[in-house]
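Student: Quick one, upload08.csv (CSV, C-alpha atoms and all ligand atoms):
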```csv
chain,number,residue,atom,x,y,z
Z,1,MET,CA,0.4,-37.8,-14.7
Z,2,ARG,CA,2.7,-35.9,-12.4
Z,3,ARG,CA,0.9,-33.1,-10.8
Z,4,PRO,CA,2.4,-29.5,-11.1
Z,5,LEU,CA,5.2,-28.8,-8.6
Z,6,MET,CA,3.8,-25.5,-7.5
Z,7,SER,CA,0.8,-25.3,-5.3
Z,8,SER,CA,-2.4,-24.2,-7.0
Z,9,ARG,CA,-2.6,-21.5,-4.3
Z,10,LEU,CA,0.2,-19.7,-6.0
Z,11,GLU,CA,-1.1,-20.1,-9.6
Z,12,GLY,CA,-0.8,-16.7,-11.3
Z,13,PHE,CA,1.5,-15.3,-8.7
Z,14,THR,CA,4.9,-16.4,-9.9
Z,15,SER,CA,6.4,-12.9,-10.4
Z,16,THR,CA,5.5,-9.4,-9.2
Z,17,ILE,CA,5.0,-6.6,-11.7
Z,18,PHE,CA,7.2,-4.4,-9.5
Z,19,ALA,CA,10.2,-6.6,-9.7
Z,20,GLU,CA,9.6,-7.1,-13.5
Z,21,MET,CA,9.4,-3.4,-14.2
Z,22,SER,CA,12.4,-2.5,-12.0
Z,23,ALA,CA,14.5,-5.1,-13.8
Z,24,LEU,CA,13.4,-3.6,-17.1
Z,25,ALA,CA,14.4,-0.1,-15.9
Z,26,VAL,CA,17.9,-1.3,-14.9
Z,27,GLN,CA,18.3,-3.3,-18.2
Z,28,THR,CA,17.3,-0.4,-20.4
Z,29,GLY,CA,18.9,2.4,-18.3
Z,30,SER,CA,15.4,4.0,-18.0
Z,31,ILE,CA,14.1,6.3,-15.3
Z,32,ASN,CA,12.1,4.0,-13.0
Z,33,LEU,CA,8.7,5.5,-12.2
Z,34,GLY,CA,7.4,1.9,-11.9
Z,35,GLN,CA,8.1,0.5,-8.5
Z,36,GLY,CA,7.2,2.9,-5.7
Z,37,PHE,CA,10.4,3.7,-3.7
Z,38,PRO,CA,12.0,7.0,-3.0
Z,39,ASP,CA,15.4,7.9,-4.5
Z,40,VAL,CA,16.6,9.6,-1.4
Z,41,ASP,CA,17.5,8.1,2.0
Z,42,GLY,CA,15.3,8.5,5.0
Z,43,PRO,CA,16.1,10.9,7.9
Z,44,ALA,CA,19.7,10.9,9.2
Z,45,LEU,CA,18.5,10.7,12.8
Z,46,VAL,CA,16.8,7.4,12.0
Z,47,ARG,CA,19.7,5.9,10.0
Z,48,ASP,CA,22.2,6.9,12.7
Z,49,ALA,CA,20.0,5.3,15.3
Z,50,ALA,CA,20.1,2.0,13.4
Z,51,LYS,CA,23.9,2.2,13.2
Z,52,ALA,CA,24.1,3.0,16.9
Z,53,ALA,CA,21.8,0.0,17.7
Z,54,ILE,CA,24.1,-2.3,15.7
Z,55,ASP,CA,27.2,-1.0,17.6
Z,56,ALA,CA,25.3,-1.4,20.9
Z,57,GLY,CA,24.6,-5.0,20.2
Z,58,ALA,CA,21.1,-5.2,18.8
Z,59,ASN,CA,22.1,-8.1,16.6
Z,60,GLN,CA,20.4,-11.2,17.8
Z,61,TYR,CA,16.7,-12.2,17.8
Z,62,PRO,CA,14.6,-9.5,19.3
Z,63,PRO,CA,11.4,-10.4,21.1
Z,64,GLY,CA,8.8,-11.9,18.7
Z,65,PRO,CA,6.0,-9.3,19.0
Z,66,GLY,CA,8.6,-6.4,18.6
Z,67,VAL,CA,11.1,-4.5,20.8
Z,68,PRO,CA,9.4,-2.7,23.7
Z,69,SER,CA,10.5,0.8,22.5
Z,70,LEU,CA,8.9,0.3,19.1
Z,71,LEU,CA,5.7,-1.2,20.4
Z,72,ALA,CA,5.4,1.8,22.7
Z,73,ALA,CA,6.2,4.3,19.8
Z,74,VAL,CA,3.6,2.7,17.5
Z,75,ALA,CA,1.0,3.0,20.3
Z,76,GLU,CA,2.0,6.6,21.0
Z,77,HIS,CA,1.8,7.4,17.2
Z,78,GLN,CA,-1.7,6.1,17.1
Z,79,THR,CA,-2.6,8.2,20.1
Z,80,ARG,CA,-0.9,11.4,18.9
Z,81,PHE,CA,-2.4,11.3,15.4
Z,82,TYR,CA,-5.7,9.6,15.8
Z,83,GLY,CA,-6.6,9.5,19.5
Z,84,LEU,CA,-6.5,5.6,19.5
Z,85,GLU,CA,-4.9,4.0,22.6
Z,86,PRO,CA,-3.7,0.5,21.8
Z,87,ASP,CA,-2.0,-1.4,24.6
Z,88,PRO,CA,1.6,-1.9,23.5
Z,89,SER,CA,1.9,-5.3,25.1
Z,90,THR,CA,-1.2,-6.9,23.5
Z,91,GLU,CA,-2.6,-4.6,20.8
Z,92,VAL,CA,0.5,-3.9,18.7
Z,93,LEU,CA,2.6,-6.3,16.7
Z,94,ILE,CA,5.8,-5.5,14.8
Z,95,THR,CA,6.1,-7.2,11.4
Z,96,THR,CA,8.6,-7.5,8.5
Z,97,GLY,CA,7.0,-4.7,6.5
Z,98,ALA,CA,3.3,-4.2,6.0
Z,99,THR,CA,3.7,-7.1,3.5
Z,100,GLU,CA,4.1,-9.6,6.3
Z,101,ALA,CA,1.3,-8.0,8.3
Z,102,ILE,CA,-1.0,-8.5,5.3
Z,103,ALA,CA,0.1,-12.1,4.8
Z,104,ALA,CA,-0.1,-12.9,8.5
Z,105,ALA,CA,-3.6,-11.3,8.7
Z,106,MET,CA,-4.9,-13.4,5.8
Z,107,LEU,CA,-3.4,-16.6,7.1
Z,108,GLY,CA,-4.3,-15.9,10.7
Z,109,LEU,CA,-7.9,-14.7,10.2
Z,110,LEU,CA,-9.3,-16.7,7.2
Z,111,GLU,CA,-10.6,-20.2,6.7
Z,112,PRO,CA,-10.5,-21.9,3.3
Z,113,GLY,CA,-13.7,-20.9,1.5
Z,114,ASP,CA,-14.1,-17.6,3.2
Z,115,GLU,CA,-14.6,-14.5,1.0
Z,116,VAL,CA,-12.7,-11.2,1.2
Z,117,VAL,CA,-14.2,-8.1,-0.2
Z,118,VAL,CA,-11.4,-6.0,-1.6
Z,119,LEU,CA,-11.1,-2.7,-3.4
Z,120,GLU,CA,-10.0,-3.1,-7.0
Z,121,PRO,CA,-7.5,-2.3,-8.4
Z,122,TYR,CA,-5.8,-4.0,-5.5
Z,123,TYR,CA,-2.2,-4.1,-4.3
Z,124,ASP,CA,-0.8,-7.3,-5.7
Z,125,SER,CA,0.0,-9.0,-2.4
Z,126,TYR,CA,-3.7,-9.0,-1.3
Z,127,ALA,CA,-4.7,-11.3,-4.1
Z,128,ALA,CA,-1.7,-13.6,-3.5
Z,129,THR,CA,-2.1,-13.9,0.3
Z,130,ILE,CA,-5.9,-14.3,0.1
Z,131,SER,CA,-5.2,-17.2,-2.2
Z,132,MET,CA,-2.5,-18.6,0.0
Z,133,ALA,CA,-5.1,-18.7,2.8
Z,134,GLY,CA,-7.4,-20.7,0.6
Z,135,ALA,CA,-9.9,-17.9,0.5
Z,136,THR,CA,-11.5,-16.0,-2.4
Z,137,ARG,CA,-11.5,-12.4,-3.3
Z,138,ARG,CA,-14.6,-10.4,-4.2
Z,139,PRO,CA,-13.4,-7.2,-5.9
Z,140,VAL,CA,-15.3,-3.9,-5.8
Z,141,THR,CA,-14.0,-1.6,-8.6
Z,142,LEU,CA,-13.0,2.0,-8.1
Z,143,GLN,CA,-13.4,3.5,-11.5
Z,144,ALA,CA,-11.3,6.2,-13.2
Z,145,PRO,CA,-11.0,9.1,-13.3
Z,146,HIS,CA,-12.2,9.8,-9.7
Z,147,PHE,CA,-12.0,6.3,-8.2
Z,148,ALA,CA,-15.0,6.9,-6.0
Z,149,LEU,CA,-16.2,4.1,-3.7
Z,150,PRO,CA,-19.1,2.3,-5.4
Z,151,ARG,CA,-21.3,1.9,-2.4
Z,152,GLU,CA,-24.0,-0.4,-3.9
Z,153,GLN,CA,-21.4,-2.6,-5.5
Z,154,LEU,CA,-19.7,-2.9,-2.1
Z,155,ALA,CA,-23.0,-3.8,-0.3
Z,156,THR,CA,-23.9,-6.5,-2.9
Z,157,ALA,CA,-20.4,-8.0,-2.8
Z,158,ILE,CA,-21.1,-9.2,0.7
Z,159,THR,CA,-22.4,-12.7,1.0
Z,160,ASP,CA,-22.8,-15.2,3.9
Z,161,ARG,CA,-19.3,-16.4,3.2
Z,162,THR,CA,-17.7,-13.0,3.6
Z,163,ARG,CA,-15.3,-12.9,6.6
Z,164,LEU,CA,-13.6,-9.5,6.1
Z,165,ILE,CA,-13.3,-6.3,4.1
Z,166,LEU,CA,-9.8,-5.4,3.1
Z,167,LEU,CA,-9.4,-1.7,2.7
Z,168,ASN,CA,-6.5,0.5,1.6
Z,169,THR,CA,-6.6,4.2,2.1
Z,170,PRO,CA,-4.8,6.2,0.7
Z,171,HIS,CA,-5.1,3.7,-2.1
Z,172,ASN,CA,-2.4,2.2,-4.2
Z,173,PRO,CA,-2.4,2.3,-7.3
Z,174,THR,CA,-5.2,4.9,-7.8
Z,175,GLY,CA,-4.2,7.6,-5.3
Z,176,ALA,CA,-7.8,7.6,-4.0
Z,177,VAL,CA,-8.6,8.5,-0.4
Z,178,LEU,CA,-11.7,7.2,1.3
Z,179,GLY,CA,-13.7,10.1,2.8
Z,180,ALA,CA,-15.5,10.2,6.2
Z,181,GLU,CA,-18.8,9.2,4.6
Z,182,ASP,CA,-17.3,6.3,2.7
Z,183,LEU,CA,-15.7,5.0,5.9
Z,184,ARG,CA,-19.0,5.3,7.8
Z,185,TYR,CA,-20.7,3.4,5.0
Z,186,VAL,CA,-18.1,0.6,5.2
Z,187,ALA,CA,-18.3,0.6,9.0
Z,188,ASP,CA,-22.1,0.3,8.9
Z,189,LEU,CA,-21.9,-2.7,6.6
Z,190,ALA,CA,-19.2,-4.4,8.6
Z,191,ILE,CA,-21.2,-4.0,11.8
Z,192,ALA,CA,-24.5,-5.1,10.2
Z,193,HIS,CA,-22.9,-8.2,8.8
Z,194,ASP,CA,-20.5,-8.8,11.7
Z,195,LEU,CA,-17.4,-8.6,9.5
Z,196,LEU,CA,-13.8,-7.9,10.3
Z,197,VAL,CA,-12.0,-5.0,8.6
Z,198,VAL,CA,-8.3,-5.2,7.7
Z,199,THR,CA,-7.1,-1.7,6.6
Z,200,ASP,CA,-3.8,-1.0,5.0
Z,201,GLU,CA,-2.8,2.5,5.8
Z,202,VAL,CA,0.9,2.6,4.8
Z,203,TYR,CA,0.3,5.9,3.0
Z,204,GLU,CA,-1.3,7.5,6.1
Z,205,HIS,CA,1.1,10.5,6.1
Z,206,MET,CA,0.7,11.1,2.3
Z,207,LEU,CA,-2.6,12.9,1.8
Z,208,TYR,CA,-2.8,16.1,-0.3
Z,209,ASP,CA,-5.0,19.1,-0.9
Z,210,GLY,CA,-5.6,19.6,2.8
Z,211,LEU,CA,-7.2,16.1,3.4
Z,212,ALA,CA,-6.6,14.4,6.7
Z,213,HIS,CA,-6.2,10.7,7.2
Z,214,VAL,CA,-9.0,9.0,9.1
Z,215,PRO,CA,-8.4,5.4,10.3
Z,216,ILE,CA,-11.6,3.4,10.1
Z,217,ALA,CA,-10.7,2.0,13.6
Z,218,THR,CA,-11.6,5.5,15.0
Z,219,LEU,CA,-15.2,5.2,14.0
Z,220,PRO,CA,-17.8,4.1,16.7
Z,221,GLY,CA,-18.1,0.4,16.9
Z,222,MET,CA,-15.0,-0.3,14.7
Z,223,TRP,CA,-12.0,-0.6,17.0
Z,224,GLU,CA,-13.2,-4.0,18.2
Z,225,ARG,CA,-13.4,-5.5,14.6
Z,226,THR,CA,-10.5,-3.7,12.8
Z,227,LEU,CA,-6.9,-4.6,12.2
Z,228,THR,CA,-4.9,-1.5,11.1
Z,229,ILE,CA,-1.7,-2.1,9.2
Z,230,SER,CA,1.1,0.4,8.5
Z,231,SER,CA,4.8,0.5,8.0
Z,232,ALA,CA,8.0,2.6,8.3
Z,233,GLY,CA,8.9,2.1,4.6
Z,234,LYS,CA,6.9,4.9,3.2
Z,235,THR,CA,6.7,7.3,6.1
Z,236,PHE,CA,10.5,7.4,6.6
Z,237,ALA,CA,11.6,6.7,3.0
Z,238,LEU,CA,13.3,3.5,4.1
Z,239,THR,CA,11.5,0.9,2.0
Z,240,GLY,CA,14.4,-1.6,2.2
Z,241,TRP,CA,14.3,-1.8,6.0
Z,242,LYS,CA,11.0,-3.8,6.1
Z,243,ILE,CA,9.6,-2.7,9.4
Z,244,GLY,CA,5.8,-2.7,9.6
Z,245,TRP,CA,3.2,-3.2,12.3
Z,246,CYS,CA,-0.4,-3.8,13.0
Z,247,THR,CA,-2.7,-2.5,15.8
Z,248,GLY,CA,-6.1,-3.7,16.9
Z,249,PRO,CA,-7.9,-5.5,19.7
Z,250,ALA,CA,-5.9,-8.2,21.5
Z,251,ASP,CA,-7.7,-11.2,20.0
Z,252,LEU,CA,-7.2,-10.0,16.4
Z,253,VAL,CA,-3.5,-9.1,17.0
Z,254,ALA,CA,-3.0,-12.5,18.6
Z,255,ALA,CA,-4.3,-14.3,15.5
Z,256,VAL,CA,-1.9,-12.3,13.3
Z,257,ARG,CA,1.0,-12.9,15.8
Z,258,ALA,CA,0.4,-16.7,15.6
Z,259,ALA,CA,0.9,-16.6,11.9
Z,260,LYS,CA,3.8,-14.1,12.0
Z,261,GLN,CA,5.8,-16.2,14.4
Z,262,PHE,CA,6.1,-19.0,11.8
Z,263,LEU,CA,6.6,-16.7,8.8
Z,264,THR,CA,9.6,-14.7,10.0
Z,265,TYR,CA,9.6,-15.4,13.7
Z,266,VAL,CA,10.9,-11.9,14.5
Z,267,SER,CA,11.7,-8.7,12.5
Z,268,GLY,CA,15.0,-6.7,12.1
Z,269,ALA,CA,16.5,-6.1,15.5
Z,270,PRO,CA,18.6,-2.9,14.9
Z,271,PHE,CA,15.9,-1.2,12.7
Z,272,GLN,CA,13.2,-1.4,15.4
Z,273,PRO,CA,14.7,1.0,18.0
Z,274,ALA,CA,15.6,3.3,15.1
Z,275,ILE,CA,12.1,3.5,13.8
Z,276,ALA,CA,10.9,4.1,17.4
Z,277,GLU,CA,13.0,7.3,17.3
Z,278,GLY,CA,11.6,8.2,13.9
Z,279,LEU,CA,8.0,7.8,15.1
Z,280,ALA,CA,8.7,10.2,18.0
Z,281,MET,CA,9.8,13.0,15.6
Z,282,PRO,CA,7.9,16.3,15.8
Z,283,ARG,CA,4.7,16.8,13.9
Z,284,SER,CA,6.4,19.1,11.5
Z,285,PHE,CA,8.4,16.1,10.1
Z,286,PHE,CA,5.2,14.2,9.3
Z,287,GLU,CA,3.6,17.3,7.8
Z,288,SER,CA,6.6,17.9,5.5
Z,289,ILE,CA,6.2,14.4,4.0
Z,290,ALA,CA,2.8,15.4,2.5
Z,291,SER,CA,3.8,18.9,1.4
Z,292,ASP,CA,6.9,17.6,-0.4
Z,293,LEU,CA,5.0,14.9,-2.1
Z,294,GLN,CA,2.1,17.1,-3.1
Z,295,ARG,CA,4.5,19.3,-4.9
Z,296,LYS,CA,6.1,16.3,-6.6
Z,297,ARG,CA,2.6,15.1,-7.6
Z,298,ASP,CA,1.9,18.4,-9.3
Z,299,ARG,CA,5.3,18.4,-11.0
Z,300,LEU,CA,4.8,15.0,-12.5
Z,301,ARG,CA,1.2,15.7,-13.4
Z,302,ALA,CA,2.4,18.8,-15.4
Z,303,GLY,CA,5.0,16.6,-17.2
Z,304,LEU,CA,2.4,13.9,-18.0
Z,305,GLU,CA,-0.1,16.4,-19.2
Z,306,ASN,CA,2.5,18.1,-21.3
Z,307,ALA,CA,3.2,14.8,-22.9
Z,308,GLY,CA,-0.5,14.4,-23.8
Z,309,PHE,CA,-1.7,12.2,-21.0
Z,310,ALA,CA,-5.1,12.4,-19.5
Z,311,VAL,CA,-4.2,12.1,-15.8
Z,312,ASN,CA,-6.7,10.9,-13.2
Z,313,GLU,CA,-7.4,12.3,-9.8
Z,314,CYS,CA,-4.9,11.6,-7.0
Z,315,ARG,CA,-5.4,12.7,-3.4
Z,316,GLY,CA,-2.7,10.6,-1.7
Z,317,THR,CA,0.1,8.0,-2.0
Z,318,TYR,CA,3.2,8.0,-4.3
Z,319,PHE,CA,1.2,7.4,-7.5
Z,320,LEU,CA,-0.5,9.1,-10.4
Z,321,SER,CA,-2.5,7.1,-12.9
Z,322,ALA,CA,-3.0,8.1,-16.5
Z,323,ASP,CA,-4.8,6.9,-19.6
Z,324,ALA,CA,-2.7,5.2,-22.3
Z,325,ARG,CA,-5.4,5.9,-24.9
Z,326,SER,CA,-4.6,9.6,-24.6
Z,327,VAL,CA,-1.2,9.0,-26.1
Z,328,GLY,CA,-2.3,6.6,-28.8
Z,329,TYR,CA,-2.2,3.2,-27.1
Z,330,GLU,CA,-5.2,0.9,-26.6
Z,331,ASP,CA,-3.8,-0.7,-23.5
Z,332,GLY,CA,-1.5,0.1,-20.7
Z,333,LEU,CA,0.6,-3.0,-21.0
Z,334,GLY,CA,1.5,-2.1,-24.6
Z,335,LEU,CA,2.5,1.4,-23.6
Z,336,CYS,CA,4.6,0.1,-20.7
Z,337,ARG,CA,6.4,-2.4,-22.9
Z,338,ASP,CA,7.2,0.4,-25.4
Z,339,LEU,CA,8.0,3.2,-23.0
Z,340,PRO,CA,11.6,2.2,-22.0
Z,341,GLU,CA,12.6,2.0,-25.7
Z,342,ARG,CA,10.7,5.0,-26.9
Z,343,CYS,CA,11.3,7.3,-24.0
Z,344,GLY,CA,13.6,5.8,-21.4
Z,345,VAL,CA,10.9,5.7,-18.8
Z,346,VAL,CA,9.4,2.8,-16.9
Z,347,ALA,CA,5.8,2.8,-15.6
Z,348,VAL,CA,3.5,0.0,-14.3
Z,349,PRO,CA,0.4,-1.3,-16.3
Z,350,MET,CA,-2.5,-1.3,-13.9
Z,351,SER,CA,-4.4,-4.1,-15.6
Z,352,VAL,CA,-2.4,-6.5,-13.4
Z,353,PHE,CA,-4.3,-5.2,-10.3
Z,354,TYR,CA,-7.8,-6.1,-11.6
Z,355,ASP,CA,-10.0,-9.1,-12.0
Z,356,ASN,CA,-12.4,-7.0,-14.0
Z,357,VAL,CA,-9.7,-6.0,-16.4
Z,358,GLU,CA,-11.9,-4.0,-18.6
Z,359,TYR,CA,-11.8,-1.2,-16.0
Z,360,GLY,CA,-8.0,-1.1,-15.9
Z,361,GLN,CA,-6.8,-2.2,-19.3
Z,362,HIS,CA,-6.0,1.4,-20.4
Z,363,LEU,CA,-4.4,2.6,-17.2
Z,364,VAL,CA,-0.8,3.1,-16.3
Z,365,ARG,CA,0.8,4.1,-12.9
Z,366,PHE,CA,3.7,6.5,-12.5
Z,367,ALA,CA,5.5,7.0,-9.2
Z,368,PHE,CA,6.3,10.6,-8.2
Z,369,CYS,CA,8.4,9.8,-5.0
Z,370,LYS,CA,11.5,10.9,-6.9
Z,371,LYS,CA,13.9,13.9,-7.0
Z,372,ASP,CA,12.6,16.9,-8.8
Z,373,ASP,CA,15.2,16.8,-11.5
Z,374,VAL,CA,14.3,13.1,-12.2
Z,375,LEU,CA,10.6,14.0,-12.5
Z,376,ASP,CA,11.5,16.9,-14.8
Z,377,GLU,CA,13.7,14.7,-16.9
Z,378,ALA,CA,11.0,12.0,-17.1
Z,379,GLY,CA,8.5,14.7,-18.2
Z,380,GLU,CA,10.9,15.8,-21.0
Z,381,ARG,CA,11.5,12.3,-22.2
Z,382,LEU,CA,7.8,11.6,-22.2
Z,383,ALA,CA,7.1,14.7,-24.2
Z,384,SER,CA,8.4,12.9,-27.3
Z,385,LEU,CA,5.1,10.9,-27.2
Z,386,ALA,CA,3.2,14.1,-28.0
Z,387,ARG,CA,5.5,14.9,-31.0
Z,401,LIG,N1,0.6,-2.0,1.1
Z,401,LIG,C1,0.6,-1.1,0.1
Z,401,LIG,C2,-0.7,-0.5,-0.4
Z,401,LIG,C3,1.8,-0.8,-0.5
Z,401,LIG,O1,1.9,0.1,-1.5
Z,401,LIG,C4,3.0,-1.4,0.0
Z,401,LIG,C5,4.3,-1.2,-0.7
Z,401,LIG,N2,4.8,-0.2,-0.8
Z,401,LIG,C6,2.9,-2.3,1.0
Z,401,LIG,C7,1.7,-2.6,1.6
Z,401,LIG,C8,4.1,-3.0,1.5
Z,401,LIG,O2,4.7,-2.3,2.5
Z,401,LIG,P1,6.1,-2.8,3.1
Z,401,LIG,O3,7.2,-2.4,2.2
Z,401,LIG,O4,6.2,-2.1,4.4
Z,401,LIG,O5,6.1,-4.3,3.2
Z,402,LIG,N1,4.5,-0.8,-2.9
Z,402,LIG,C1,5.4,-0.5,-4.0
Z,402,LIG,C2,4.6,-0.2,-5.2
Z,402,LIG,O1,3.4,-0.3,-5.2
Z,402,LIG,C3,6.4,-1.7,-4.3
Z,402,LIG,C4,6.4,-2.8,-3.4
Z,402,LIG,C5,6.8,-4.1,-4.0
Z,402,LIG,O2,7.7,-4.1,-4.9
Z,402,LIG,N2,6.3,-5.1,-3.7
Z,402,LIG,O3,5.2,0.1,-6.2
```
Translate this file's structure into structure tokens.

Tutor:
Amino acid sequence: MRRPLMSSRLEGFTSTIFAEMSALAVQTGSINLGQGFPDVDGPALVRDAAKAAIDAGANQYPPGPGVPSLLAAVAEHQTRFYGLEPDPSTEVLITTGATEAIAAAMLGLLEPGDEVVVLEPYYDSYAATISMAGATRRPVTLQAPHFALPREQLATAITDRTRLILLNTPHNPTGAVLGAEDLRYVADLAIAHDLLVVTDEVYEHMLYDGLAHVPIATLPGMWERTLTISSAGKTFALTGWKIGWCTGPADLVAAVRAAKQFLTYVSGAPFQPAIAEGLAMPRSFFESIASDLQRKRDRLRAGLENAGFAVNECRGTYFLSADARSVGYEDGLGLCRDLPERCGVVAVPMSVFYDNVEYGQHLVRFAFCKKDDVLDEAGERLASLAR
């Protein structure tokens, strides 16, 4: 018998829920609160810098690890906000979005048979890239409505095959933020078991209610075992530019760079100097990201609650999660299938981000990185669920 064409490593990963839901939104003319992307363009200063870079000839392959101005700007950003001092020439790597940094980290750091402890619900590319590396995920579930870190479950998920802990804070899709004590707990485990930590911090400038982002790499004993990933997409509302980066000790970054050079080789030449300018913007710019989005979170929360939803805690990111059962649906997938027809709104069923589906079956995710009038209109449309 002919064997399947597609590698078993990609089994179950043929389409992403985000693309599916965005297509559904376009097809039905619905408001798209599914895929997390802003409906405004990023800062004019950054966009103009990219245009200028194109006109100035930044159109051929840039250096593989990244253009020097962006490598320096990422290092300076880590110093300015967190007191970390990565060496731009060996401890920073520019990637094609955080997505590539995640993939290159899994491919560059894992052996087949290794286990990765990952917070569940997890961003979909974690599961896919762990599988591509021939490794196995060990999910640890954050449970609604508070999505607290289950410390004992985390400790017992570690086995003698565990190679790394994959963190994400602020956390997509729950909006949870790991606090200082959680991070210390994870750090102690990583040190005790001599594990690597890969931490996805793409929402680092999107924490609410006065919370401050703490990279786990800043904790004592952690720099030397941590790869920190972030990206320009969220911070500058330029998700289509696909400029990301990772920082960490030279040997970890070198492993990721080895994989990166055969995935994309290099990343977008004219976008890199433009993002370097963005990263040098004053602190007030970065603070305004969180204050704007906190207001939007509250606006969408009010709309969802008015429509009858029980809405879960959210301390960061672009996303609110809500309980489908509160509006008469047993599961989130059923609700998300009906929502475009019933209300003209698209959301994402969270069950796709779980192995232990029973914890996420009833949850749906709504993105609030949208214009105020779009959020209000979505709230009005959803209110028909309550009638
Ligand atoms: N990690 C998380 C948690 C995300 O939500 C996203 C997507 N928005 C990414 C990584 C991918 O980021 P990028 O668009 O920079 O590839
Ligand atoms: N990160 C975005 C989200 O969670 C979308 C990214 C994607 O489409 N892969 O909605």

Student: Taking only C-alpha atoms and all ligand atoms into account, which of Z:Thr156, Z:Ser291, Z:Ser125, Z:Thr99 comes nearest ligand LIG 401 (chain Z)?

Tutor: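 Between Z:Thr156, Z:Ser291, Z:Ser125, Z:Thr99, the residue approaching ligand LIG 401 (chain Z) most closely is Z:Thr99.
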
Student: What does the distance between atom CA of His362 of chain Z and atom CA of Asp323 of chain Z come to in Å, to one decimal place?

Tutor: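 Spanning atom CA of His362 of chain Z to atom CA of Asp323 of chain Z is a straight-line distance of 5.7 Å.
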
Student: Enumerate, in order of chain and increasing residue number, the residues of chain Z with an atom no farther than 9 Å from ligand LIG 401 (chain Z), each with its shortest atom pair and distance in Å to one decimal, counting all atoms listed in the file, as a Markdown table.

Tutor:
```
| residue | atom | partner | partner_atom | distance |
| --- | --- | --- | --- | --- |
| Z:Gln35 | CA | Z:LIG401 | N2 | 8.4 |
| Z:Gly36 | CA | Z:LIG401 | N2 | 6.3 |
| Z:Phe37 | CA | Z:LIG401 | N2 | 7.4 |
| Z:Thr95 | CA | Z:LIG401 | O4 | 8.7 |
| Z:Thr96 | CA | Z:LIG401 | O5 | 6.7 |
| Z:Gly97 | CA | Z:LIG401 | O4 | 3.4 |
| Z:Ala98 | CA | Z:LIG401 | O4 | 3.9 |
| Z:Thr99 | CA | Z:LIG401 | O5 | 3.7 |
| Z:Glu100 | CA | Z:LIG401 | O5 | 6.5 |
| Z:Ala101 | CA | Z:LIG401 | O5 | 7.9 |
| Z:Ile102 | CA | Z:LIG401 | C7 | 7.5 |
| Z:Tyr122 | CA | Z:LIG401 | C2 | 8.0 |
| Z:Tyr123 | CA | Z:LIG401 | C2 | 5.5 |
| Z:Asp124 | CA | Z:LIG401 | C1 | 8.6 |
| Z:Ser125 | CA | Z:LIG401 | C7 | 7.7 |
| Z:Tyr126 | CA | Z:LIG401 | N1 | 8.6 |
| Z:Asn168 | CA | Z:LIG401 | C2 | 6.2 |
| Z:Thr169 | CA | Z:LIG401 | C2 | 7.9 |
| Z:Pro170 | CA | Z:LIG401 | C2 | 7.9 |
| Z:His171 | CA | Z:LIG401 | C2 | 6.3 |
| Z:Asn172 | CA | Z:LIG401 | C2 | 5.0 |
| Z:Pro173 | CA | Z:LIG401 | O1 | 7.5 |
| Z:Asp200 | CA | Z:LIG401 | N1 | 6.0 |
| Z:Glu201 | CA | Z:LIG401 | C2 | 7.2 |
| Z:Val202 | CA | Z:LIG401 | N1 | 5.9 |
| Z:Tyr203 | CA | Z:LIG401 | C2 | 7.3 |
| Z:Ile229 | CA | Z:LIG401 | C7 | 8.3 |
| Z:Ser230 | CA | Z:LIG401 | O4 | 7.0 |
| Z:Ser231 | CA | Z:LIG401 | O4 | 4.7 |
| Z:Ala232 | CA | Z:LIG401 | O4 | 6.4 |
| Z:Gly233 | CA | Z:LIG401 | O4 | 5.0 |
| Z:Lys234 | CA | Z:LIG401 | N2 | 6.8 |
| Z:Leu238 | CA | Z:LIG401 | O3 | 8.7 |
| Z:Thr239 | CA | Z:LIG401 | O3 | 5.4 |
| Z:Gly240 | CA | Z:LIG401 | O3 | 7.2 |
| Z:Trp241 | CA | Z:LIG401 | O3 | 8.1 |
| Z:Lys242 | CA | Z:LIG401 | O4 | 5.4 |
| Z:Ile243 | CA | Z:LIG401 | O4 | 6.1 |
| Z:Gly244 | CA | Z:LIG401 | O4 | 5.2 |
| Z:Trp245 | CA | Z:LIG401 | O4 | 8.5 |
| Z:Thr317 | CA | Z:LIG401 | O1 | 8.1 |
| Z:Tyr318 | CA | Z:LIG401 | O1 | 8.5 |
```

Student: To one decimal place in Å, what is the distance between atom CA of Arg301 of chain Z and atom CA of Ala127 of chain Z?

Tutor: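 One can read the atom CA of Arg301 of chain Z to atom CA of Ala127 of chain Z distance as 29.2 Å.
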
Student: So which residues touch Asp298 of chain Z within 10 Å, counting only C-alpha atoms, skipping near sequence neighbours fewer than 6 positions away, as a ChimeraX atom specification?

Tutor: /Z:304,314,320,368

Student: For segment 47-61 of chain Z, please output as an NGL selection string all residues within 12 Å (counting only C-alpha atoms; exclusion window: fewer than 5 positions along the same chain).

Tutor: :Z and (41-42 or 66-67 or 236-238 or 241 or 264-278)

Student: Nearest to ligand LIG 402 (chain Z): which of Z:Gly210, Z:Gly64, Z:Pro88, Z:Pro349 is it, counting only C-alpha atoms and all ligand atoms?

Tutor: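 Looking only at the distances to ligand LIG 402 (chain Z), the closest residue turns out to be Z:Pro349.
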
Student: Ranking Z:Ala347, Z:Glu120, Z:Gly248, Z:Thr14 by minimum distance to ligand LIG 402 (chain Z) and counting only C-alpha atoms and all ligand atoms, which one comes first?

Tutor: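 Nearest to ligand LIG 402 (chain Z): Z:Ala347.
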
Student: Could you tell me which of Z:Glu76, Z:Asp292, Z:Asp114, Z:Glu313 comes closest to Leu142 of chain Z if we count all atoms listed in the file?

Tutor: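 Going through Z:Glu76, Z:Asp292, Z:Asp114, Z:Glu313 one by one, the smallest distance to Leu142 of chain Z is for Z:Glu313.
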